[in-house]
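Enquirer: This is the content of input06.txt (compact mmCIF, C-alpha atoms):
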```txt
# COMPACT_ATOMS: atom_id res chain seq x y z
CA MET A 1 -8.45 -33.30 -8.40
CA THR A 2 -5.35 -31.12 -8.46
CA PRO A 3 -5.58 -28.48 -11.20
CA SER A 4 -2.60 -28.45 -13.50
CA VAL A 5 -0.13 -25.60 -13.34
CA ILE A 6 -0.10 -23.17 -16.28
CA GLU A 7 3.38 -21.73 -16.67
CA ASN A 8 3.01 -19.04 -19.35
CA ALA A 9 0.53 -16.93 -21.26
CA GLY A 10 1.24 -19.13 -24.28
CA ASP A 11 -0.03 -22.20 -22.43
CA LEU A 12 -3.50 -20.73 -21.99
CA SER A 13 -6.05 -21.43 -24.67
CA GLY A 14 -9.76 -21.74 -25.38
CA PRO A 15 -12.38 -20.92 -22.76
CA LEU A 16 -9.86 -20.79 -19.90
CA ARG A 17 -7.83 -18.13 -21.71
CA ALA A 18 -10.98 -16.02 -22.10
CA ALA A 19 -11.80 -16.60 -18.44
CA VAL A 20 -8.36 -15.47 -17.22
CA ILE A 21 -8.53 -12.39 -19.42
CA GLU A 22 -11.93 -11.47 -17.98
CA LEU A 23 -10.61 -12.01 -14.43
CA LEU A 24 -7.56 -9.82 -15.08
CA TYR A 25 -9.77 -6.97 -16.30
CA TRP A 26 -11.80 -7.30 -13.10
CA LEU A 27 -8.65 -7.15 -10.94
CA ALA A 28 -6.99 -4.36 -12.91
CA ASP A 29 -9.98 -2.08 -13.37
CA ASN A 30 -10.98 -2.31 -9.71
CA ASP A 31 -7.47 -1.29 -8.64
CA LEU A 32 -7.19 1.51 -11.19
CA VAL A 33 -10.53 3.10 -10.33
CA MET A 34 -10.01 2.63 -6.58
CA GLY A 35 -6.54 4.13 -6.87
CA HIS A 36 -7.82 7.11 -8.81
CA ARG A 37 -10.65 7.71 -6.34
CA ASN A 38 -8.31 7.60 -3.37
CA SER A 39 -5.80 9.85 -5.10
CA GLU A 40 -8.48 12.55 -5.01
CA TRP A 41 -7.50 13.02 -1.35
CA THR A 42 -3.97 14.09 -2.26
CA GLY A 43 -3.44 17.52 -0.74
CA LEU A 44 -6.81 17.40 1.04
CA GLY A 45 -6.25 14.77 3.74
CA PRO A 46 -7.21 15.83 7.29
CA ILE A 47 -3.61 15.54 8.56
CA LEU A 48 -0.41 15.73 6.52
CA GLU A 49 0.75 12.25 7.54
CA ALA A 50 -2.67 10.73 6.82
CA ASP A 51 -2.75 12.47 3.44
CA ILE A 52 0.66 11.04 2.48
CA ALA A 53 -0.20 7.52 3.59
CA PHE A 54 -3.54 7.55 1.75
CA SER A 55 -1.98 9.00 -1.40
CA SER A 56 0.80 6.46 -1.29
CA MET A 57 -1.71 3.62 -1.08
CA ALA A 58 -3.55 5.12 -4.04
CA GLN A 59 -0.30 4.95 -5.99
CA ASP A 60 0.12 1.34 -4.90
CA GLU A 61 -3.31 0.46 -6.34
CA MET A 62 -2.46 2.11 -9.65
CA GLY A 63 0.82 0.20 -9.71
CA HIS A 64 -1.07 -3.04 -9.15
CA ALA A 65 -3.46 -2.13 -11.96
CA LEU A 66 -0.50 -1.53 -14.28
CA ALA A 67 0.93 -4.94 -13.40
CA TYR A 68 -2.39 -6.65 -14.19
CA TYR A 69 -2.70 -4.71 -17.47
CA GLN A 70 0.77 -5.96 -18.36
CA LEU A 71 -0.40 -9.55 -17.81
CA LEU A 72 -3.34 -8.75 -20.12
CA HIS A 73 -0.96 -7.36 -22.72
CA ASP A 74 1.04 -10.60 -22.48
CA LEU A 75 -2.21 -12.37 -23.36
CA GLY A 76 -2.64 -10.29 -26.51
CA GLU A 77 -4.73 -7.39 -25.18
CA ARG A 78 -3.80 -3.77 -25.91
CA ASP A 79 -0.90 -2.01 -24.14
CA PRO A 80 -1.48 -0.83 -20.54
CA ASP A 81 -1.82 2.87 -21.42
CA SER A 82 -4.50 2.15 -24.00
CA LEU A 83 -6.36 -0.10 -21.59
CA ALA A 84 -6.37 2.57 -18.89
CA PHE A 85 -6.91 5.67 -20.98
CA VAL A 86 -8.77 4.82 -24.15
CA ARG A 87 -11.57 2.49 -23.04
CA GLU A 88 -15.13 3.68 -22.46
CA PRO A 89 -16.99 3.23 -19.14
CA ARG A 90 -19.01 0.26 -20.40
CA GLU A 91 -15.75 -1.53 -21.22
CA PHE A 92 -14.53 -1.29 -17.62
CA ARG A 93 -15.03 -4.24 -15.28
CA CYS A 94 -15.16 -2.77 -11.79
CA ALA A 95 -17.41 -2.84 -8.74
CA ALA A 96 -19.85 -0.04 -7.93
CA LEU A 97 -18.14 0.58 -4.58
CA VAL A 98 -14.93 1.82 -6.21
CA CYS A 99 -16.85 4.07 -8.62
CA LEU A 100 -18.71 6.07 -5.97
CA GLN A 101 -17.59 9.63 -5.36
CA ARG A 102 -15.04 10.39 -2.69
CA ASP A 103 -17.51 11.85 -0.17
CA ASP A 104 -16.04 12.52 3.31
CA TRP A 105 -12.99 11.04 5.03
CA ALA A 106 -15.11 8.52 6.97
CA PHE A 107 -16.62 7.13 3.78
CA SER A 108 -13.25 6.93 2.06
CA LEU A 109 -11.76 5.10 5.04
CA VAL A 110 -14.66 2.66 5.30
CA ARG A 111 -14.39 2.00 1.60
CA GLN A 112 -10.63 1.57 1.86
CA PHE A 113 -11.12 -0.92 4.69
CA LEU A 114 -13.79 -2.91 2.82
CA TYR A 115 -11.88 -2.86 -0.45
CA ASP A 116 -8.46 -3.78 0.91
CA SER A 117 -9.73 -6.46 3.27
CA ALA A 118 -11.43 -7.98 0.22
CA GLU A 119 -8.24 -7.67 -1.81
CA HIS A 120 -6.28 -9.32 0.96
CA VAL A 121 -8.50 -12.41 0.80
CA ARG A 122 -8.36 -12.47 -2.99
CA LEU A 123 -4.58 -12.02 -3.21
CA THR A 124 -3.97 -14.74 -0.65
CA HIS A 125 -5.69 -17.17 -3.03
CA LEU A 126 -4.15 -15.69 -6.18
CA ALA A 127 -0.71 -16.27 -4.67
CA SER A 128 -1.30 -19.99 -5.15
CA SER A 129 -3.18 -19.69 -8.43
CA ALA A 130 -2.60 -22.33 -11.10
CA TYR A 131 -1.77 -19.52 -13.55
CA GLN A 132 1.85 -18.87 -12.63
CA PRO A 133 2.26 -15.30 -13.99
CA LEU A 134 -0.70 -14.27 -11.82
CA ALA A 135 0.50 -16.26 -8.80
CA SER A 136 3.97 -14.75 -8.86
CA LEU A 137 2.57 -11.24 -9.27
CA ALA A 138 0.16 -11.79 -6.37
CA ARG A 139 3.02 -12.89 -4.13
CA LYS A 140 4.77 -9.61 -4.90
CA LEU A 141 1.69 -7.53 -4.09
CA VAL A 142 0.80 -9.25 -0.81
CA GLY A 143 3.15 -7.07 1.26
CA GLU A 144 1.65 -3.77 0.11
CA GLU A 145 -1.85 -5.11 0.56
CA LYS A 146 -1.01 -6.26 4.06
CA TYR A 147 -0.09 -2.68 4.89
CA HIS A 148 -3.34 -1.42 3.33
CA LEU A 149 -5.25 -3.82 5.53
CA MET A 150 -3.39 -2.64 8.66
CA HIS A 151 -4.18 0.95 7.69
CA GLY A 152 -7.88 0.28 7.19
CA ARG A 153 -8.20 -1.74 10.38
CA SER A 154 -6.37 0.82 12.53
CA TRP A 155 -8.59 3.66 11.36
CA ILE A 156 -11.85 1.75 11.72
CA GLU A 157 -10.89 0.60 15.18
CA ARG A 158 -10.02 4.12 16.31
CA LEU A 159 -12.94 5.94 14.73
CA GLY A 160 -15.22 3.26 16.16
CA ARG A 161 -14.23 4.03 19.73
CA ALA A 162 -13.21 7.71 19.66
CA THR A 163 -16.10 10.17 20.01
CA ASP A 164 -19.84 10.33 19.40
CA GLU A 165 -19.15 12.25 16.21
CA SER A 166 -16.60 9.77 14.87
CA ARG A 167 -18.92 6.85 15.64
CA ALA A 168 -21.87 8.55 13.98
CA ARG A 169 -19.88 9.40 10.87
CA LEU A 170 -18.42 5.93 10.70
CA ALA A 171 -21.87 4.36 10.98
CA ALA A 172 -23.26 6.66 8.29
CA ALA A 173 -20.35 5.82 6.01
CA MET A 174 -20.86 2.10 6.53
CA ALA A 175 -24.60 2.44 5.89
CA LYS A 176 -23.76 4.00 2.54
CA ALA A 177 -20.99 1.54 1.60
CA ALA A 178 -22.45 -1.73 2.91
CA PRO A 179 -25.06 -2.27 0.16
CA HIS A 180 -22.22 -2.21 -2.38
CA ALA A 181 -19.93 -4.63 -0.51
CA ALA A 182 -21.37 -7.75 -2.16
CA GLY A 183 -20.54 -6.22 -5.53
CA LEU A 184 -16.84 -6.59 -4.68
CA PHE A 185 -17.48 -10.32 -5.04
CA GLU A 186 -19.62 -10.32 -8.14
CA ALA A 187 -19.28 -13.57 -10.04
CA GLY A 188 -18.10 -13.18 -13.61
CA PRO A 189 -19.29 -15.23 -16.57
CA HIS A 190 -16.52 -17.81 -16.00
CA ASP A 191 -16.71 -18.11 -12.21
CA ALA A 192 -17.04 -21.92 -12.11
CA LEU A 193 -14.38 -22.50 -14.73
CA LEU A 194 -11.85 -20.32 -12.89
CA ALA A 195 -12.50 -22.21 -9.65
CA GLN A 196 -12.34 -25.60 -11.32
CA ALA A 197 -9.04 -24.77 -13.03
CA GLY A 198 -7.49 -23.61 -9.76
CA ILE A 199 -7.11 -20.01 -10.95
CA LEU A 200 -9.23 -18.49 -8.15
CA PRO A 201 -12.00 -19.86 -5.90
CA SER A 202 -15.55 -18.78 -6.69
CA GLU A 203 -16.53 -15.24 -5.72
CA ARG A 204 -19.16 -16.68 -3.39
CA ALA A 205 -16.48 -18.65 -1.51
CA LEU A 206 -14.29 -15.52 -1.31
CA TRP A 207 -17.24 -13.55 0.06
CA ASP A 208 -17.77 -16.05 2.89
CA GLU A 209 -14.10 -16.01 3.75
CA TRP A 210 -13.99 -12.21 3.67
CA ARG A 211 -16.95 -11.90 6.02
CA ASP A 212 -15.22 -14.15 8.53
CA SER A 213 -12.01 -12.14 8.18
CA ILE A 214 -13.61 -8.80 9.09
CA ALA A 215 -16.17 -9.95 11.66
CA ALA A 216 -14.00 -9.08 14.65
CA ASP A 217 -13.04 -5.64 13.29
CA LEU A 218 -16.66 -4.70 12.64
CA SER A 219 -17.82 -6.00 15.97
CA HIS A 220 -15.21 -3.94 17.86
CA ALA A 221 -16.31 -0.85 15.97
CA GLU A 222 -19.97 -1.78 16.59
CA LEU A 223 -20.67 -1.84 12.87
CA ALA A 224 -23.14 -4.19 11.19
CA MET A 225 -21.87 -6.85 8.82
CA PRO A 226 -22.67 -6.10 5.17
CA GLY A 227 -25.19 -8.51 3.69
CA ARG A 228 -25.53 -10.22 0.35
CA PRO A 229 -28.82 -10.62 -1.51
CA PRO A 230 -29.63 -14.19 -2.63
CA VAL A 231 -29.28 -13.12 -6.25
CA LEU A 232 -26.90 -10.41 -7.47
CA PRO A 233 -28.08 -8.89 -10.74
CA PRO A 234 -25.27 -8.37 -13.29
CA ALA A 235 -23.45 -5.14 -12.47
CA GLY A 236 -19.89 -3.77 -12.67
CA ARG A 237 -18.33 -7.01 -13.85
CA PHE A 238 -20.61 -6.82 -16.89
CA GLY A 239 -19.95 -3.14 -17.61
CA LEU A 240 -23.02 -1.78 -15.81
CA HIS A 241 -21.85 1.08 -13.58
CA PRO A 242 -23.23 3.88 -11.43
CA ALA A 243 -23.21 7.30 -13.13
CA ASP A 244 -20.16 8.26 -11.00
CA LEU A 245 -17.74 6.30 -13.19
CA ALA A 246 -18.04 8.32 -16.40
CA PRO A 247 -16.88 11.66 -14.90
CA LEU A 248 -14.01 9.88 -13.13
CA LEU A 249 -12.79 8.37 -16.38
CA GLU A 250 -13.31 11.62 -18.20
CA ALA A 251 -11.00 13.38 -15.72
CA MET A 252 -8.47 10.55 -15.66
CA GLN A 253 -8.29 10.10 -19.43
CA ARG A 254 -8.57 13.72 -20.60
CA VAL A 255 -4.89 14.55 -20.90
CA TYR A 256 -3.89 11.25 -22.47
CA ARG A 257 -6.62 11.57 -25.07
CA LEU A 258 -5.40 15.01 -26.16
CA ASP A 259 -2.58 13.18 -27.93
CA PRO A 260 -2.43 9.40 -27.47
CA THR A 261 0.79 9.25 -29.48
CA ALA A 262 2.71 11.67 -27.23
CA ALA A 263 5.81 10.29 -25.52
CA TRP A 264 5.88 10.82 -21.75
CA MET B 1 -4.85 21.65 6.32
CA SER B 2 -5.45 22.40 9.99
CA ASP B 3 -2.61 22.00 12.44
CA SER B 4 -2.29 18.59 14.00
CA GLN B 5 -3.28 18.10 17.63
CA TRP B 6 -1.52 14.75 17.53
CA ARG B 7 1.65 14.10 19.49
CA VAL B 8 5.11 13.98 17.94
CA TRP B 9 6.86 10.64 17.54
CA GLU B 10 10.52 10.32 16.59
CA VAL B 11 11.19 7.73 13.89
CA PHE B 12 14.17 5.38 13.54
CA HIS B 13 14.61 2.93 10.71
CA GLN B 14 16.85 -0.08 10.19
CA GLN B 15 18.12 -0.77 6.68
CA ALA B 16 19.15 -4.38 7.26
CA ARG B 17 18.72 -6.85 10.06
CA GLY B 18 21.54 -6.38 12.57
CA ASP B 19 22.24 -2.77 11.57
CA ALA B 20 21.81 0.03 14.08
CA HIS B 21 18.50 1.90 13.85
CA ILE B 22 19.06 5.36 12.41
CA TYR B 23 17.06 8.47 13.22
CA VAL B 24 15.16 9.66 10.16
CA GLY B 25 12.64 12.25 11.36
CA SER B 26 9.30 12.60 13.11
CA VAL B 27 5.58 12.09 12.53
CA HIS B 28 2.40 13.26 14.22
CA ALA B 29 0.15 10.45 15.44
CA PRO B 30 -2.39 9.80 18.22
CA ASP B 31 -0.72 6.61 19.47
CA ALA B 32 2.27 4.33 18.89
CA GLU B 33 0.56 1.90 16.52
CA MET B 34 -0.71 4.72 14.33
CA ALA B 35 2.71 6.38 14.46
CA LEU B 36 4.31 3.20 13.07
CA LEU B 37 1.63 2.98 10.41
CA LEU B 38 2.13 6.57 9.26
CA ALA B 39 5.91 6.51 9.64
CA LYS B 40 6.05 3.60 7.23
CA GLU B 41 4.74 5.80 4.42
CA GLN B 42 6.76 8.87 5.42
CA TYR B 43 10.12 7.17 5.81
CA GLY B 44 9.91 3.55 4.73
CA ARG B 45 8.89 3.78 1.11
CA ARG B 46 11.88 5.33 -0.61
CA GLN B 47 14.74 3.34 0.88
CA ALA B 48 15.51 -0.10 2.18
CA CYS B 49 13.89 -0.76 5.52
CA VAL B 50 13.31 -3.97 7.46
CA ASN B 51 12.29 -2.55 10.80
CA MET B 52 11.09 0.70 12.30
CA TRP B 53 10.96 2.21 15.79
CA VAL B 54 8.89 5.13 16.96
CA VAL B 55 9.53 6.86 20.25
CA ASP B 56 7.15 9.25 21.97
CA ALA B 57 9.08 12.53 21.77
CA ARG B 58 8.03 13.27 25.36
CA HIS B 59 10.22 10.38 26.47
CA ILE B 60 13.37 11.88 25.04
CA HIS B 61 15.54 13.80 27.49
CA ARG B 62 17.94 16.26 26.00
CA THR B 63 20.82 18.50 27.00
CA GLU B 64 20.59 22.26 26.62
CA TYR B 65 22.39 23.94 23.74
CA SER B 66 23.66 26.48 26.27
CA ASP B 67 25.58 23.55 27.77
CA SER B 68 27.16 22.44 24.53
CA ASP B 69 30.53 23.57 25.86
CA ILE B 70 30.56 20.43 28.03
CA PHE B 71 31.34 18.50 24.86
CA SER B 72 34.39 20.54 23.78
CA PRO B 73 37.69 19.19 25.13
CA GLY B 74 39.57 21.69 27.24
CA THR B 75 42.93 19.95 26.77
CA ASP B 76 44.58 17.65 24.23
CA LYS B 77 42.59 14.40 24.23
CA SER B 78 44.14 12.89 21.12
CA TYR B 79 45.08 9.84 23.21
CA ARG B 80 41.40 8.94 23.03
CA GLU B 81 41.48 8.77 19.26
CA ALA B 82 42.76 5.88 17.19
CA TYR B 83 45.09 8.23 15.33
CA GLY B 84 46.78 9.08 18.63
CA TYR B 85 48.39 5.66 18.91
CA ASP B 86 51.81 4.57 17.71
CA THR B 87 50.30 1.52 16.04
CA THR B 88 48.33 3.76 13.73
CA ARG B 89 51.49 5.63 12.78
CA ARG B 90 53.29 2.34 12.11
CA ILE B 91 50.43 1.14 9.89
CA ARG B 92 50.55 4.38 7.97
CA ALA B 93 54.31 4.04 7.52
CA VAL B 94 53.94 0.51 6.18
CA ARG B 95 51.27 1.65 3.75
CA GLU B 96 53.47 4.46 2.51
CA SER B 97 56.41 2.11 1.96
CA ARG B 98 54.24 -0.28 -0.04
CA LYS B 99 52.81 2.32 -2.38
CA GLY B 100 53.25 1.21 -5.97
CA GLY B 101 54.01 -2.31 -4.74
CA THR B 102 51.34 -4.80 -3.72
CA ALA B 103 47.68 -3.94 -4.05
CA ARG B 104 47.08 -5.16 -0.51
CA ASP B 105 46.61 -2.23 1.75
CA GLY B 106 45.55 -3.97 4.91
CA GLY B 107 48.56 -2.80 6.87
CA GLU B 108 49.92 -5.98 8.44
CA GLU B 109 51.24 -5.47 11.92
CA THR B 110 54.99 -5.89 12.03
```
Would you encode the structure as structure tokens?
Expert:
Amino acid sequence: MTPSVIENAGDLSGPLRAAVIELLYWLADNDLVMGHRNSEWTGLGPILEADIAFSSMAQDEMGHALAYYQLLHDLGERDPDSLAFVREPREFRCAALVCLQRDDWAFSLVRQFLYDSAEHVRLTHLASSAYQPLASLARKLVGEEKYHLMHGRSWIERLGRATDESRARLAAAMAKAAPHAAGLFEAGPHDALLAQAGILPSERALWDEWRDSIAADLSHAELAMPGRPPVLPPAGRFGLHPADLAPLLEAMQRVYRLDPTAAW
Amino acid sequence: MSDSQWRVWEVFHQQARGDAHIYVGSVHAPDAEMALLLAKEQYGRRQACVNMWVVDARHIHRTEYSDSDIFSPGTDKSYREAYGYDTTRRIRAVRESRKGGTARDGGEET
């Protein structure tokens, strides 16, 4: 069966409309929180060039989040600023991995590698999504995400073969991040419907594809492949987050909330 | 931020396929691949770019500024310049004579 193409927001209705809205929150909130976390390195990166590249990628993620929020707005949700700055933690739909505190450079790089390799797999499928506004946006974002993937891969490869210290720190970072990797592919409440309608394959299918896509990188760096428990309890995609998210949102939203009507 | 122990790479970008690569600056990086990766964010994100080169600065050979007098002509070398030729003067004369006339300013050879 070939799923039918959905040209505009107006052509979406019923359960599928709700499913696409839920998916867009998942995409947008992950990018916004990841972008904010990575922006915490601005001015603190170990080398000027590395700092600029990492900060620039953080801006990219926030730009992607804005674009997804705009698609949500087109579907009748609130405006992008309100979605980013006025919602409470429990209303966010993001994975635990992006919520965790910045920690050291090794952890941030490992997380960036895991996150962007996952995004690369997801965007590749979204680029041919049946929902055209999402597909055309994904095709625009693929280039930036390709760079993010190159960045993550290059760092992992180098830290994995550099010195005893870099290997030890890389391994420690992966040990901390790996248990949260499966959460990047948490199935939402409409997982089967989205797959059936050709919007996006199931999260489980994306997980398998992602593992294959990073196997060689991890093996070169002598890092273990993250695992996935047989059953994932509901987590970030259902608004259940680690305690790290609330302070992040508090810092990110503070200025906007002083005067939500201010013109910027 | 501690000083970089990484090597210097000179960066050239190309704004459109077929254009000459233009020197834009330098980055610190441990190897060529990383230099390209970091140069992209330093120099490729604000303007059009379709291709980038990095060159290990150690591979660039340069003249000494104390020798810069080798570049100044000791005698009249205007014959090397386009403006030194009669044709150029004829084109200019034709342009002058056509001022206020046709909008074409190509300077047809006569």
Enquirer: Counting all atoms listed in the file, what is within 12 Å of stretch 250-256 of chain A, bar same-chain residues fewer than 3 positions away, as an MDAnalysis selection string?
Expert: chainID A and resid 32:33 35:37 39:40 62 81:89 243:247 259:264
Enquirer: Measure the distance from atom CA of B:Gln42 to atom CA of A:Val121 in Å and round it to one decimal.
Expert: 26.6 Å
Enquirer: Per residue of chain B within 10 Å of chain A, note the shortest atom pair and the distance in Å to one decimal, counting all atoms listed in the file, and order the rows by chain and increasing residue number, as CSV.
Expert:
```
residue,atom,partner,partner_atom,distance
B:Met1,CA,A:Pro46,CA,6.4
B:Ser2,CA,A:Ile47,CA,7.2
B:Asp3,CA,A:Ile47,CA,7.6
B:Ser4,CA,A:Ile47,CA,6.4
B:Gln5,CA,A:Ile47,CA,9.4
B:Trp6,CA,A:Ile47,CA,9.2
B:Val27,CA,A:Glu49,CA,6.9
B:His28,CA,A:Glu49,CA,7.0
B:Ala29,CA,A:Glu49,CA,8.1
B:Pro30,CA,A:Arg158,CA,9.7
B:Glu33,CA,A:Ser154,CA,8.1
B:Met34,CA,A:Ser154,CA,7.1
B:Ala35,CA,A:Glu49,CA,9.3
B:Leu37,CA,A:His151,CA,6.7
B:Leu38,CA,A:Glu49,CA,6.1
B:Ala39,CA,A:Glu49,CA,8.0
B:Lys40,CA,A:Ala53,CA,8.2
B:Glu41,CA,A:Ala53,CA,5.3
B:Gln42,CA,A:Ile52,CA,7.1
B:Arg45,CA,A:Ser56,CA,8.9
```
Enquirer: Got a sec: who's within 9 Å of stretch 9-21 of chain B, counting only C-alpha atoms, leaving out chain neighbours fewer than 6 positions off, as a PDB file with C-alpha atoms, keeping the file's coordinate frame?
Expert:
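As written to disk, selection.pdb reads:
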```pdb
ATOM      1  CA  VAL B  27       5.580  12.090  12.530  1.00  0.00           C
ATOM      2  CA  HIS B  28       2.400  13.260  14.220  1.00  0.00           C
ATOM      3  CA  ALA B  29       0.150  10.450  15.440  1.00  0.00           C
ATOM      4  CA  ASP B  31      -0.720   6.610  19.470  1.00  0.00           C
ATOM      5  CA  ALA B  32       2.270   4.330  18.890  1.00  0.00           C
ATOM      6  CA  ALA B  35       2.710   6.380  14.460  1.00  0.00           C
ATOM      7  CA  LEU B  36       4.310   3.200  13.070  1.00  0.00           C
ATOM      8  CA  ALA B  39       5.910   6.510   9.640  1.00  0.00           C
ATOM      9  CA  TYR B  43      10.120   7.170   5.810  1.00  0.00           C
ATOM     10  CA  GLY B  44       9.910   3.550   4.730  1.00  0.00           C
ATOM     11  CA  GLN B  47      14.740   3.340   0.880  1.00  0.00           C
ATOM     12  CA  ALA B  48      15.510  -0.100   2.180  1.00  0.00           C
ATOM     13  CA  CYS B  49      13.890  -0.760   5.520  1.00  0.00           C
ATOM     14  CA  VAL B  50      13.310  -3.970   7.460  1.00  0.00           C
ATOM     15  CA  ASN B  51      12.290  -2.550  10.800  1.00  0.00           C
ATOM     16  CA  MET B  52      11.090   0.700  12.300  1.00  0.00           C
ATOM     17  CA  TRP B  53      10.960   2.210  15.790  1.00  0.00           C
ATOM     18  CA  VAL B  54       8.890   5.130  16.960  1.00  0.00           C
ATOM     19  CA  VAL B  55       9.530   6.860  20.250  1.00  0.00           C
ATOM     20  CA  ASP B  56       7.150   9.250  21.970  1.00  0.00           C
ATOM     21  CA  ALA B  57       9.080  12.530  21.770  1.00  0.00           C
ATOM     22  CA  ARG B  58       8.030  13.270  25.360  1.00  0.00           C
TER      23      ARG B  58
END
```
Enquirer: Between atom CA of B:Ile22 and atom CA of B:Pro73, what distance in Å does the model show, to one decimal?
Expert: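 So the two atoms, atom CA of B:Ile22 and atom CA of B:Pro73, lie 26.5 Å apart.
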Enquirer: Dump as an MDAnalysis selection string all residues having an atom at most 9 Å from (-23.2, -5.0, 8.0), computed in the file's coordinates with only C-alpha atoms.
Expert: chainID A and resid 174:175 178:179 218 223:227
Enquirer: Fewer than 2 positions away in the same chain doesn't count, so skip those; otherwise give me all residues within 7 Å of stretch 65-71 of chain A, counting all atoms listed in the file, as a list in words.
Expert: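 Contacts, in chain order: Leu24, Ala28, Asp29, Asp31, Leu32, Glu61, Met62, Gly63, His73, Asp74, Leu75 and Pro80 of chain A.
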Enquirer: If you measure from atom CA of A:Leu194 to atom CA of A:Leu206, what distance in Å do you get, rounded to one decimal?
Expert: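 Going from atom CA of A:Leu194 over to atom CA of A:Leu206, I get 12.8 Å.
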Enquirer: Taking (-1.2, -20.0, -14.8) in the file's coordinates as the center, which residues reach within 9 Å of it, counting only C-alpha atoms, put as a ChimeraX atom specification?
Expert: /A:4-9,11-12,20,129-135,198-199
Enquirer: Measuring atom to atom with all atoms listed in the file, identify which of A:Glu22, A:Asp104, A:Glu144, A:Glu209 is nearest to A:Asn38.
Expert: A:Asp104
Enquirer: Out of A:Leu97, A:Leu27, A:Leu193, A:Ala162, which residue has the shortest atom-to-atom distance to A:Glu119 when counting only C-alpha atoms?
Expert: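 Going through A:Leu97, A:Leu27, A:Leu193, A:Ala162 one by one, the smallest distance to A:Glu119 is for A:Leu27.
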Enquirer: Please provide the set of residues having any atom within 12 Å of A:Asp208, restricted to all atoms listed in the file, with same-chain residues fewer than 2 positions apart removed, written as a PDB file with C-alpha atoms, in the coordinates of the input.
Expert:
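What ended up in selection20.pdb:
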```pdb
ATOM      1  CA  ALA A 118     -11.430  -7.980   0.220  1.00  0.00           C
ATOM      2  CA  VAL A 121      -8.500 -12.410   0.800  1.00  0.00           C
ATOM      3  CA  ARG A 122      -8.360 -12.470  -2.990  1.00  0.00           C
ATOM      4  CA  ALA A 182     -21.370  -7.750  -2.160  1.00  0.00           C
ATOM      5  CA  PHE A 185     -17.480 -10.320  -5.040  1.00  0.00           C
ATOM      6  CA  PRO A 201     -12.000 -19.860  -5.900  1.00  0.00           C
ATOM      7  CA  SER A 202     -15.550 -18.780  -6.690  1.00  0.00           C
ATOM      8  CA  GLU A 203     -16.530 -15.240  -5.720  1.00  0.00           C
ATOM      9  CA  ARG A 204     -19.160 -16.680  -3.390  1.00  0.00           C
ATOM     10  CA  ALA A 205     -16.480 -18.650  -1.510  1.00  0.00           C
ATOM     11  CA  LEU A 206     -14.290 -15.520  -1.310  1.00  0.00           C
ATOM     12  CA  TRP A 210     -13.990 -12.210   3.670  1.00  0.00           C
ATOM     13  CA  ARG A 211     -16.950 -11.900   6.020  1.00  0.00           C
ATOM     14  CA  ASP A 212     -15.220 -14.150   8.530  1.00  0.00           C
ATOM     15  CA  SER A 213     -12.010 -12.140   8.180  1.00  0.00           C
ATOM     16  CA  ILE A 214     -13.610  -8.800   9.090  1.00  0.00           C
ATOM     17  CA  ALA A 215     -16.170  -9.950  11.660  1.00  0.00           C
ATOM     18  CA  MET A 225     -21.870  -6.850   8.820  1.00  0.00           C
ATOM     19  CA  PRO A 226     -22.670  -6.100   5.170  1.00  0.00           C
ATOM     20  CA  GLY A 227     -25.190  -8.510   3.690  1.00  0.00           C
ATOM     21  CA  ARG A 228     -25.530 -10.220   0.350  1.00  0.00           C
TER      22      ARG A 228
END
```
